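S.K.: Provided below: input_22.txt, containing compact mmCIF, C-alpha atoms.
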# COMPACT_ATOMS: atom_id res chain seq x y z
CA MET A 97 -9.19 13.62 -17.41
CA SER A 98 -6.17 14.90 -19.35
CA GLU A 99 -2.69 13.44 -18.91
CA GLU A 100 -1.34 16.68 -17.46
CA ILE A 101 -4.00 16.87 -14.75
CA LEU A 102 -3.58 13.19 -13.85
CA ILE A 103 0.20 13.58 -13.57
CA ILE A 104 -0.10 16.68 -11.37
CA ILE A 105 -2.61 15.02 -9.05
CA SER A 106 -0.56 11.82 -8.81
CA ILE A 107 2.70 13.62 -8.08
CA SER A 108 0.99 15.86 -5.51
CA LEU A 109 -0.45 12.87 -3.67
CA ILE A 110 2.90 11.02 -3.71
CA ILE A 111 4.79 14.07 -2.43
CA PHE A 112 2.24 14.50 0.37
CA SER A 113 1.93 10.85 1.36
CA SER A 114 5.56 9.66 0.98
CA PRO A 115 6.83 11.00 4.34
CA LEU A 116 3.76 9.57 6.11
CA ILE A 117 4.16 6.14 4.51
CA ALA A 118 7.92 6.20 5.09
CA LYS A 119 7.39 6.94 8.76
CA LEU A 120 4.78 4.18 9.03
CA LEU A 121 6.96 1.57 7.29
CA ARG A 122 10.21 2.92 8.78
CA LEU A 123 11.70 3.26 5.30
CA PRO A 124 13.67 6.13 3.75
CA THR A 125 11.39 8.69 2.13
CA ILE A 126 13.42 8.61 -1.08
CA THR A 127 12.83 4.88 -1.46
CA VAL A 128 9.10 5.29 -0.94
CA GLU A 129 8.99 8.06 -3.56
CA ILE A 130 10.73 5.83 -6.13
CA ILE A 131 8.47 2.85 -5.39
CA LEU A 132 5.28 4.92 -5.50
CA GLY A 133 6.45 6.48 -8.77
CA ALA A 134 6.84 2.99 -10.27
CA VAL A 135 3.41 1.92 -9.01
CA ALA A 136 1.76 5.09 -10.32
CA ALA A 137 3.35 4.54 -13.74
CA TYR A 138 2.22 0.89 -13.72
CA PHE A 139 -1.41 1.96 -13.29
CA ALA A 140 -0.94 4.78 -15.86
CA PHE A 141 -1.48 7.55 -13.32
CA ILE A 142 1.89 8.92 -14.44
CA VAL A 143 2.72 8.69 -18.14
CA ASP A 144 5.61 9.80 -20.29
CA HIS A 145 5.30 13.56 -20.74
CA ALA A 146 7.70 16.31 -21.82
CA ILE A 147 6.80 18.60 -18.90
CA LEU A 148 7.42 15.81 -16.39
CA HIS A 149 10.85 15.19 -17.94
CA LEU A 150 11.66 18.88 -17.74
CA VAL A 151 10.65 19.26 -14.08
CA ALA A 152 12.36 15.98 -13.14
CA GLU A 153 15.56 17.15 -14.84
CA LEU A 154 15.34 20.39 -12.88
CA GLY A 155 14.87 18.35 -9.70
CA PHE A 156 17.97 16.31 -10.54
CA LEU A 157 20.00 19.46 -11.12
CA TYR A 158 18.72 20.97 -7.89
CA LEU A 159 19.75 17.82 -6.04
CA MET A 160 23.25 18.25 -7.45
CA PHE A 161 23.07 21.89 -6.37
CA LEU A 162 22.21 20.78 -2.82
CA ALA A 163 25.12 18.34 -2.92
CA GLY A 164 27.37 21.25 -3.77
CA LEU A 165 26.03 23.15 -0.77
CA GLU A 166 27.65 20.52 1.42
CA VAL A 167 31.11 21.47 0.19
CA ASP A 168 32.99 24.51 1.45
CA LEU A 169 36.01 25.01 -0.82
CA LYS A 170 37.79 26.93 1.95
CA LYS A 171 37.65 23.82 4.11
CA LEU A 172 38.46 21.53 1.20
CA VAL A 173 41.62 23.49 0.46
CA ASN A 174 42.67 22.86 4.05
CA ILE A 175 42.03 19.12 3.87
CA SER A 176 44.82 17.14 5.44
CA PRO A 177 47.32 15.64 2.96
CA SER A 178 46.73 12.16 4.41
CA ILE A 179 42.96 12.30 3.79
CA LEU A 180 43.51 13.71 0.30
CA LYS A 181 45.97 10.94 -0.49
CA LYS A 182 43.63 8.27 0.88
CA SER A 183 40.71 9.75 -1.07
CA LEU A 184 42.64 9.50 -4.33
CA ILE A 185 43.77 5.94 -3.53
CA TYR A 186 40.15 5.15 -2.61
CA ASN A 187 39.05 6.07 -6.14
CA ILE A 188 41.96 4.20 -7.72
CA ILE A 189 40.89 1.06 -5.83
CA LEU A 190 37.27 1.50 -6.97
CA PHE A 191 38.22 1.81 -10.64
CA SER A 192 40.76 -1.02 -10.38
CA LEU A 193 38.24 -3.42 -8.85
CA SER A 194 35.63 -2.30 -11.37
CA THR A 195 38.05 -3.03 -14.21
CA LEU A 196 38.78 -6.50 -12.82
CA ILE A 197 35.07 -7.32 -12.51
CA SER A 198 34.22 -5.95 -15.96
CA VAL A 199 37.07 -7.80 -17.69
CA TYR A 200 36.57 -11.07 -15.78
CA PHE A 201 32.84 -11.23 -16.52
CA ASP A 202 33.23 -9.67 -20.00
CA LEU A 203 30.72 -6.92 -19.21
CA GLY A 204 32.00 -4.22 -21.54
CA ASN A 205 34.00 -1.07 -21.03
CA ILE A 206 31.01 1.03 -19.96
CA PHE A 207 30.79 -1.01 -16.73
CA ILE A 208 34.29 0.14 -15.78
CA VAL A 209 32.89 3.67 -15.52
CA ILE A 210 29.48 2.83 -14.06
CA LEU A 211 30.40 0.60 -11.11
CA PRO A 212 32.73 3.06 -9.28
CA LEU A 213 30.45 6.10 -9.69
CA ILE A 214 30.14 8.29 -6.60
CA SER A 215 27.46 10.91 -6.07
CA ILE A 216 27.14 12.73 -2.76
CA GLY A 217 23.65 13.95 -3.57
CA LEU A 218 22.02 11.53 -1.12
CA LEU A 219 24.60 12.42 1.54
CA ALA A 220 22.64 15.65 1.89
CA ALA A 221 19.62 13.53 2.80
CA LEU A 222 21.72 11.44 5.22
CA LYS A 223 23.07 14.57 6.90
CA LYS A 224 19.53 15.88 7.21
CA GLU A 225 18.46 12.66 8.95
CA TYR A 226 21.53 11.83 11.11
CA GLY A 227 23.06 15.25 11.66
CA ASP A 228 26.62 16.46 11.22
CA VAL A 229 28.30 13.32 12.60
CA GLU A 230 31.92 12.35 12.04
CA TRP A 231 31.45 9.65 9.42
CA ILE A 232 29.17 11.86 7.33
CA ARG A 233 31.70 14.70 7.38
CA LEU A 234 34.47 12.39 6.18
CA SER A 235 32.14 10.77 3.63
CA ILE A 236 31.37 14.17 2.15
CA VAL A 237 35.07 15.10 1.83
CA VAL A 238 36.03 11.75 0.29
CA GLY A 239 32.84 11.68 -1.76
CA LEU A 240 33.49 15.13 -3.16
CA ILE A 241 36.80 14.00 -4.66
CA GLY A 242 35.09 10.83 -5.89
CA GLU A 243 32.26 12.82 -7.44
CA ILE A 244 34.69 15.09 -9.25
CA VAL A 245 36.35 11.97 -10.66
CA SER A 246 32.90 10.56 -11.54
CA ILE A 247 31.79 13.80 -13.18
CA PHE A 248 34.99 13.82 -15.21
CA ALA A 249 34.30 10.19 -16.18
CA LEU A 250 30.67 11.07 -17.01
CA THR A 251 31.78 14.00 -19.17
CA THR A 252 34.31 11.81 -20.96
CA VAL A 253 31.83 8.98 -21.55
CA SER A 254 29.18 11.45 -22.70
CA ALA A 255 31.60 12.95 -25.22
CA VAL A 256 32.84 9.55 -26.44
CA LEU A 257 29.30 8.20 -26.92
CA GLU A 258 28.13 11.35 -28.66
CA PHE A 259 31.11 12.14 -30.88
CA GLY A 260 33.27 9.02 -30.91
CA ILE A 261 37.03 9.30 -30.65
CA ASN A 262 37.65 12.24 -32.95
CA PHE A 263 38.31 15.97 -33.00
CA GLU A 264 34.97 16.81 -31.34
CA LEU A 265 35.87 14.59 -28.38
CA TYR A 266 39.20 16.33 -27.87
CA LYS A 267 37.50 19.71 -28.24
CA THR A 268 34.92 18.85 -25.55
CA MET A 269 37.53 17.58 -23.11
CA PHE A 270 39.69 20.65 -23.75
CA LEU A 271 36.71 22.90 -22.97
CA PHE A 272 36.07 20.93 -19.78
CA VAL A 273 39.65 21.42 -18.58
CA VAL A 274 39.52 25.11 -19.52
CA PHE A 275 36.26 25.43 -17.59
CA LEU A 276 37.82 23.93 -14.45
CA ILE A 277 40.82 26.25 -14.69
CA SER A 278 38.48 29.23 -15.25
CA MET A 279 36.52 28.32 -12.14
CA LEU A 280 39.72 28.41 -10.11
CA PHE A 281 40.42 31.92 -11.40
CA VAL A 282 36.85 33.04 -10.67
CA TYR A 283 37.14 31.62 -7.15
CA LYS A 284 40.41 33.46 -6.54
CA ILE A 285 39.15 36.76 -7.98
CA PHE A 286 35.90 36.71 -6.00
CA HIS A 287 37.75 35.65 -2.86
CA ASN A 288 40.07 38.66 -3.12
CA LEU A 289 37.20 40.95 -4.07
CA ILE A 290 35.13 40.22 -0.97
CA TRP A 291 38.25 40.37 1.18
CA TRP A 292 38.86 43.97 0.05
CA PHE A 293 35.16 44.87 -0.12
CA PRO A 294 33.27 42.76 2.46
CA GLU A 295 30.20 44.97 2.06
CA ILE A 296 29.52 43.14 -1.23
CA LYS A 297 28.03 40.25 0.73
CA ALA A 298 25.72 42.56 2.66
CA TYR A 299 24.65 44.22 -0.58
CA LEU A 300 23.86 40.94 -2.32
CA MET A 301 22.27 39.35 0.77
CA PRO A 302 21.17 42.04 3.24
CA GLU A 303 20.48 41.05 6.85
CA GLN A 304 17.08 42.73 6.75
CA ASP A 305 15.84 40.89 3.70
CA HIS A 306 12.15 41.27 2.89
CA GLN A 307 12.51 40.33 -0.77
CA GLU A 308 14.19 36.93 -0.30
CA GLN A 309 17.25 38.35 -2.02
CA ASP A 310 19.43 35.45 -0.81
CA ILE A 311 17.22 32.94 -2.61
CA ARG A 312 17.16 35.11 -5.73
CA VAL A 313 20.96 35.40 -5.83
CA SER A 314 21.33 31.65 -5.28
CA MET A 315 18.91 30.79 -8.08
CA ALA A 316 20.60 33.28 -10.40
CA ILE A 317 23.97 31.60 -9.83
CA PHE A 318 22.35 28.16 -10.18
CA PHE A 319 20.80 28.89 -13.57
CA LEU A 320 23.80 30.88 -14.77
CA MET A 321 26.11 27.92 -14.23
CA ILE A 322 23.64 25.61 -15.97
CA THR A 323 23.54 27.99 -18.93
CA VAL A 324 27.33 28.10 -19.16
CA MET A 325 27.56 24.31 -19.18
CA MET A 326 24.83 24.05 -21.82
CA TYR A 327 26.61 26.60 -24.00
CA LEU A 328 29.88 24.68 -23.71
CA HIS A 329 28.09 21.33 -24.27
CA LEU A 330 29.47 19.99 -21.00
CA GLU A 331 27.80 17.95 -18.24
CA VAL A 332 25.12 20.27 -16.82
CA ALA A 333 25.01 18.48 -13.46
CA PHE A 334 28.58 19.55 -12.76
CA GLY A 335 27.58 23.19 -13.28
CA ALA A 336 24.78 22.83 -10.73
CA PHE A 337 27.23 21.25 -8.31
CA ILE A 338 29.74 24.09 -8.77
CA ALA A 339 26.96 26.64 -8.16
CA GLY A 340 26.20 25.01 -4.80
CA THR A 341 29.85 25.03 -3.73
CA PHE A 342 30.10 28.71 -4.71
CA ILE A 343 27.12 29.65 -2.51
CA THR A 344 28.45 27.75 0.50
CA THR A 345 32.04 28.91 0.12
CA PHE A 346 31.30 32.62 -0.08
CA PHE A 347 27.96 33.17 1.65
CA GLU A 348 27.43 30.53 4.36
CA GLU A 349 29.33 32.48 7.03
CA HIS A 350 27.40 35.63 6.12
CA ASN A 351 23.99 33.91 5.93
CA LYS A 352 24.00 30.68 7.94
CA GLN A 353 20.29 30.05 7.31
CA LEU A 354 20.63 30.11 3.53
CA PRO A 355 21.65 26.43 3.04
CA HIS A 356 18.72 25.34 5.24
CA LYS A 357 16.28 27.51 3.29
CA LEU A 358 17.51 26.10 0.00
CA GLU A 359 17.31 22.53 1.33
CA HIS A 360 13.74 23.00 2.54
CA PHE A 361 12.81 24.44 -0.83
CA GLY A 362 14.34 21.51 -2.70
CA PHE A 363 13.43 18.54 -0.51
CA GLY A 364 9.93 19.92 -0.07
CA TRP A 365 8.83 19.46 -3.67
CA LEU A 366 11.40 19.76 -6.47
CA VAL A 367 13.76 16.91 -5.59
CA PRO A 368 10.93 14.43 -4.82
CA ILE A 369 9.60 14.91 -8.37
CA PHE A 370 12.95 13.67 -9.67
CA PHE A 371 12.80 10.52 -7.54
CA ILE A 372 9.18 9.92 -8.53
CA SER A 373 10.16 10.18 -12.19
CA VAL A 374 12.97 7.67 -11.62
CA GLY A 375 10.44 5.20 -10.31
CA ALA A 376 8.06 6.00 -13.16
CA SER A 377 10.76 5.22 -15.73
CA PHE A 378 10.93 1.64 -14.48
CA GLU A 379 8.36 -0.83 -15.81
CA LEU A 380 7.23 -3.13 -13.00
CA ASP A 381 6.46 -5.90 -15.49
CA ALA A 382 10.17 -6.05 -16.26
CA ILE A 383 10.79 -7.53 -12.80
CA PHE A 384 9.42 -10.84 -14.07
CA THR A 385 11.94 -10.95 -16.92
CA ASP A 386 14.21 -13.96 -16.48
CA GLY A 387 17.46 -13.02 -14.78
CA LEU A 388 16.67 -9.30 -14.39
CA VAL A 389 16.34 -9.33 -10.59
CA LEU A 390 19.48 -11.48 -10.27
CA LYS A 391 21.45 -9.05 -12.45
CA ALA A 392 20.20 -6.12 -10.38
CA PHE A 393 21.25 -7.83 -7.13
CA LEU A 394 24.66 -8.73 -8.56
CA ILE A 395 25.20 -5.12 -9.68
CA THR A 396 24.13 -3.90 -6.24
CA PHE A 397 26.41 -6.39 -4.49
CA ALA A 398 29.37 -5.50 -6.73
CA MET A 399 28.96 -1.75 -6.18
CA ILE A 400 28.66 -2.13 -2.41
CA ALA A 401 31.47 -4.70 -2.19
CA ILE A 402 34.10 -2.63 -4.02
CA ARG A 403 33.30 0.36 -1.82
CA PHE A 404 33.53 -1.76 1.32
CA VAL A 405 36.99 -2.97 0.26
CA ALA A 406 38.13 0.57 -0.60
CA SER A 407 36.79 1.98 2.70
CA THR A 408 39.24 -0.18 4.67
CA LEU A 409 41.70 2.65 3.94
CA PHE A 410 39.92 4.66 6.65
CA ILE A 411 40.06 2.10 9.47
CA LYS A 412 42.76 4.14 11.20
CA ASP A 413 40.69 7.34 10.88
CA MET A 414 37.27 5.94 11.80
CA GLY A 415 37.96 2.72 13.70
CA TRP A 416 36.76 -0.83 13.03
CA ASN A 417 33.21 0.00 14.08
CA LYS A 418 32.68 2.92 11.65
CA PHE A 419 34.97 2.64 8.61
CA PHE A 420 32.36 0.73 6.58
CA MET A 421 29.94 3.65 6.86
CA ILE A 422 32.16 5.49 4.35
CA GLY A 423 31.70 2.77 1.74
CA LEU A 424 27.99 2.36 2.48
CA SER A 425 27.27 6.06 2.18
CA HIS A 426 28.95 6.10 -1.26
CA SER A 427 26.97 3.06 -2.44
CA MET A 428 24.00 5.12 -3.59
CA PRO A 429 25.19 7.01 -6.69
CA LEU A 430 21.54 7.19 -7.72
CA THR A 431 21.67 10.38 -9.76
CA LEU A 432 24.87 9.71 -11.67
CA LEU A 433 24.07 6.00 -12.03
CA ILE A 434 20.78 6.73 -13.73
CA ALA A 435 22.31 9.55 -15.78
CA VAL A 436 25.16 7.38 -17.12
CA THR A 437 22.89 4.36 -17.59
CA THR A 438 20.35 6.40 -19.56
CA LEU A 439 23.15 7.87 -21.64
CA ALA A 440 24.61 4.42 -22.35
CA TYR A 441 21.17 2.99 -23.23
CA ASN A 442 20.32 5.84 -25.60
CA ASN A 443 23.66 5.31 -27.35
CA HIS A 444 23.14 1.52 -27.52
CA SER A 445 26.11 0.73 -25.26
CA ILE A 446 23.82 -1.41 -23.09
CA ASP A 447 20.59 -3.18 -23.99
CA GLN A 448 17.18 -2.61 -22.41
CA GLU A 449 17.58 -5.51 -19.98
CA TYR A 450 20.72 -4.03 -18.49
CA TYR A 451 19.08 -0.61 -18.48
CA TYR A 452 16.24 -1.96 -16.34
CA ALA A 453 18.74 -3.92 -14.23
CA PHE A 454 20.65 -0.72 -13.42
CA ILE A 455 17.43 1.17 -12.62
CA LEU A 456 16.36 -1.66 -10.30
CA ALA A 457 19.87 -1.79 -8.81
CA ALA A 458 19.71 1.95 -8.13
CA ILE A 459 16.45 1.42 -6.24
CA LEU A 460 17.81 -1.61 -4.38
CA GLU A 461 20.96 0.28 -3.40
CA VAL A 462 18.97 3.10 -1.85
CA LEU A 463 16.66 0.64 -0.10
CA ILE A 464 19.39 -1.70 1.20
CA VAL A 465 21.94 0.96 2.09
CA MET A 466 19.51 3.35 3.78
CA ILE A 467 18.14 0.54 5.95
CA ALA A 468 21.65 -0.77 6.70
CA ILE A 469 22.87 2.71 7.68
CA ARG A 470 19.85 3.20 9.93
CA ILE A 471 20.49 -0.10 11.75
CA LEU A 472 24.27 0.34 11.98
CA SER A 473 24.01 3.98 13.11
CA GLN A 474 21.92 2.83 16.07
CA PHE A 475 24.61 0.33 17.08
CA ILE A 476 27.28 3.02 16.67
CA SER A 477 25.28 5.40 18.88
CA LEU A 478 24.93 2.71 21.55
CA ASN A 479 28.67 1.95 21.47
CA ASP A 480 29.53 5.65 21.69
CA ARG A 481 27.33 6.03 24.77
CA ASN A 482 28.92 3.03 26.42
In structure tokens, how does this file's structure come out?
M.R.:
Amino acid sequence: MSEEILIIISISLIIFSSPLIAKLLRLPTITVEIILGAVAAYFAFIVDHAILHLVAELGFLYLMFLAGLEVDLKKLVNISPSILKKSLIYNIILFSLSTLISVYFDLGNIFIVILPLISIGLLAALKKEYGDVEWIRLSIVVGLIGEIVSIFALTTVSAVLEFGINFELYKTMFLFVVFLISMLFVYKIFHNLIWWFPEIKAYLMPEQDHQEQDIRVSMAIFFLMITVMMYLHLEVAFGAFIAGTFITTFFEEHNKQLPHKLEHFGFGWLVPIFFISVGASFELDAIFTDGLVLKAFLITFAMIAIRFVASTLFIKDMGWNKFFMIGLSHSMPLTLLIAVTTLAYNNHSIDQEYYYAFILAAILEVLIVMIAIRILSQFISLNDRN
């Protein structure tokens, strides 16, 4: 049996069985997908293959696209000054604590960037499971600002590792700033355009749609933004994220079912392939390496702890019984963590042991945090009823 056929069969079986196993074991589906991916790779059912990398990368980008769907720029613009201020201080605390830990334990400068990473990609999965509750709404707003900071940090680190501190670095960062400013202009122009000509929405996404035009427009914007970022040699994930925010900001009110359709499309098959590939990239034999598991647990503890400390800023907003949910929900920067870790490993900023430790930590974070959120959300629900 060829490698391609074996990979397709294995991935198909994992995608089909993961929700069933997750329900049986009462574990998050994402965690099961990662674990089964690692097991399948251990028994050589899934091997390193260019097509798998390509589809997994697409799944990662689509996950970032779904994260962007959670953000309506119209609402973000109207965010209260107090929440905005606290969100910025929240990130300052994360980076400050990360710097202290990295310097104290002599971990290297790359850890200063890695430990505070925030990715709201998995918040889409949390919202799907727990609904549009208060702490998730606030987590998304705070997480969005944190993810923008993280994306900026990722873009900077990517440029530094690739070019060093030279003219090419300054050129890349200049292009990134120009891109952000350009997006603001595009947002303003399109906003005014549809205000004067509201029929544009109906033309692009008709109510009587028998050709799935809404999906086609969304995918066109998705791939267009990816192409722009590739052309500019910027972080592609940020382009996917921007595409999602664009769809939600301008079309959600016109087509309320569109975000749900895009989520079903992604979580049904494309995004799981990414999580399976994450598990497959981890060698189970590495668990028995001396000190690897301990390093992974210490990384996990450090990333959760600094977010718990930072989330105390929101005690007044959420109360003593909910504030920690903000920090917990941001303790799973799976996508960006793996992206930055892989980038650092390929550029020899970290060795293979730390690479595996971060992969294992990413898995442990999802496992520990998802279970903790499930247990704590039940207590919160009981307290709210009483």
S.K.: Listed atoms of segment 357-360 of chain A, axis-aligned box, 4 Å per side: centre and edge lengths to one decimal in Å, as AutoDock Vina command-line options?
M.R.:
--center_x 15.6 --center_y 25.0 --center_z 1.6 --size_x 11.8 --size_y 13.0 --size_z 11.3
S.K.: Leaving out Ile214 of chain A and any residue of its chain fewer than 2 positions from it, which residues lie within 8 Å of it when counting all atoms listed in the file, given as an MDAnalysis selection string?
M.R.: chainID A and resid 212 216 239 242:243 246 426:429 432
S.K.: List the spatial neighbours of Leu211 of chain A as JSON, numbers by chain - criterion: any atom at most 8 Å away, all atoms listed in the file, same-chain residues fewer than 2 positions off excluded.
M.R.: {"A": [191, 194, 207, 208, 209, 213, 395, 398, 399]}
S.K.: Keeping only C-alpha atoms, write the selected residues to a file as a PDB file, in the coordinates of the input.
M.R.:
ATOM      1  CA  PHE A 191      38.220   1.810 -10.640  1.00  0.00           C
ATOM      2  CA  SER A 194      35.630  -2.300 -11.370  1.00  0.00           C
ATOM      3  CA  PHE A 207      30.790  -1.010 -16.730  1.00  0.00           C
ATOM      4  CA  ILE A 208      34.290   0.140 -15.780  1.00  0.00           C
ATOM      5  CA  VAL A 209      32.890   3.670 -15.520  1.00  0.00           C
ATOM      6  CA  LEU A 213      30.450   6.100  -9.690  1.00  0.00           C
ATOM      7  CA  ILE A 395      25.200  -5.120  -9.680  1.00  0.00           C
ATOM      8  CA  ALA A 398      29.370  -5.500  -6.730  1.00  0.00           C
ATOM      9  CA  MET A 399      28.960  -1.750  -6.180  1.00  0.00           C
TER      10      MET A 399
END
S.K.: For a test of reading the model, state the distance in Å between atom CA of Thr252 of chain A and atom CA of Thr437 of chain A, rounded to one decimal.
M.R.: 14.0 Å
S.K.: State, in Å with one decimal place, the distance from atom CA of Leu169 of chain A to atom CA of Ile244 of chain A.
M.R.: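 Those two atoms sit 13.1 Å apart.
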S.K.: From the set A:Ser314, A:Asn288, A:Thr195, A:Thr268, which residue has the shortest atom-to-atom contact distance to Tyr158 of chain A, counting all atoms listed in the file?
M.R.: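 Closest candidate: A:Ser314.
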S.K.: Excluding Val324 of chain A and its own-chain neighbours fewer than 5 positions away, which residues fall within 10 Å of it when counting only C-alpha atoms? Please give them as a PyMOL selection string.
M.R.: chain A and resi 275+319+329-330+332+335
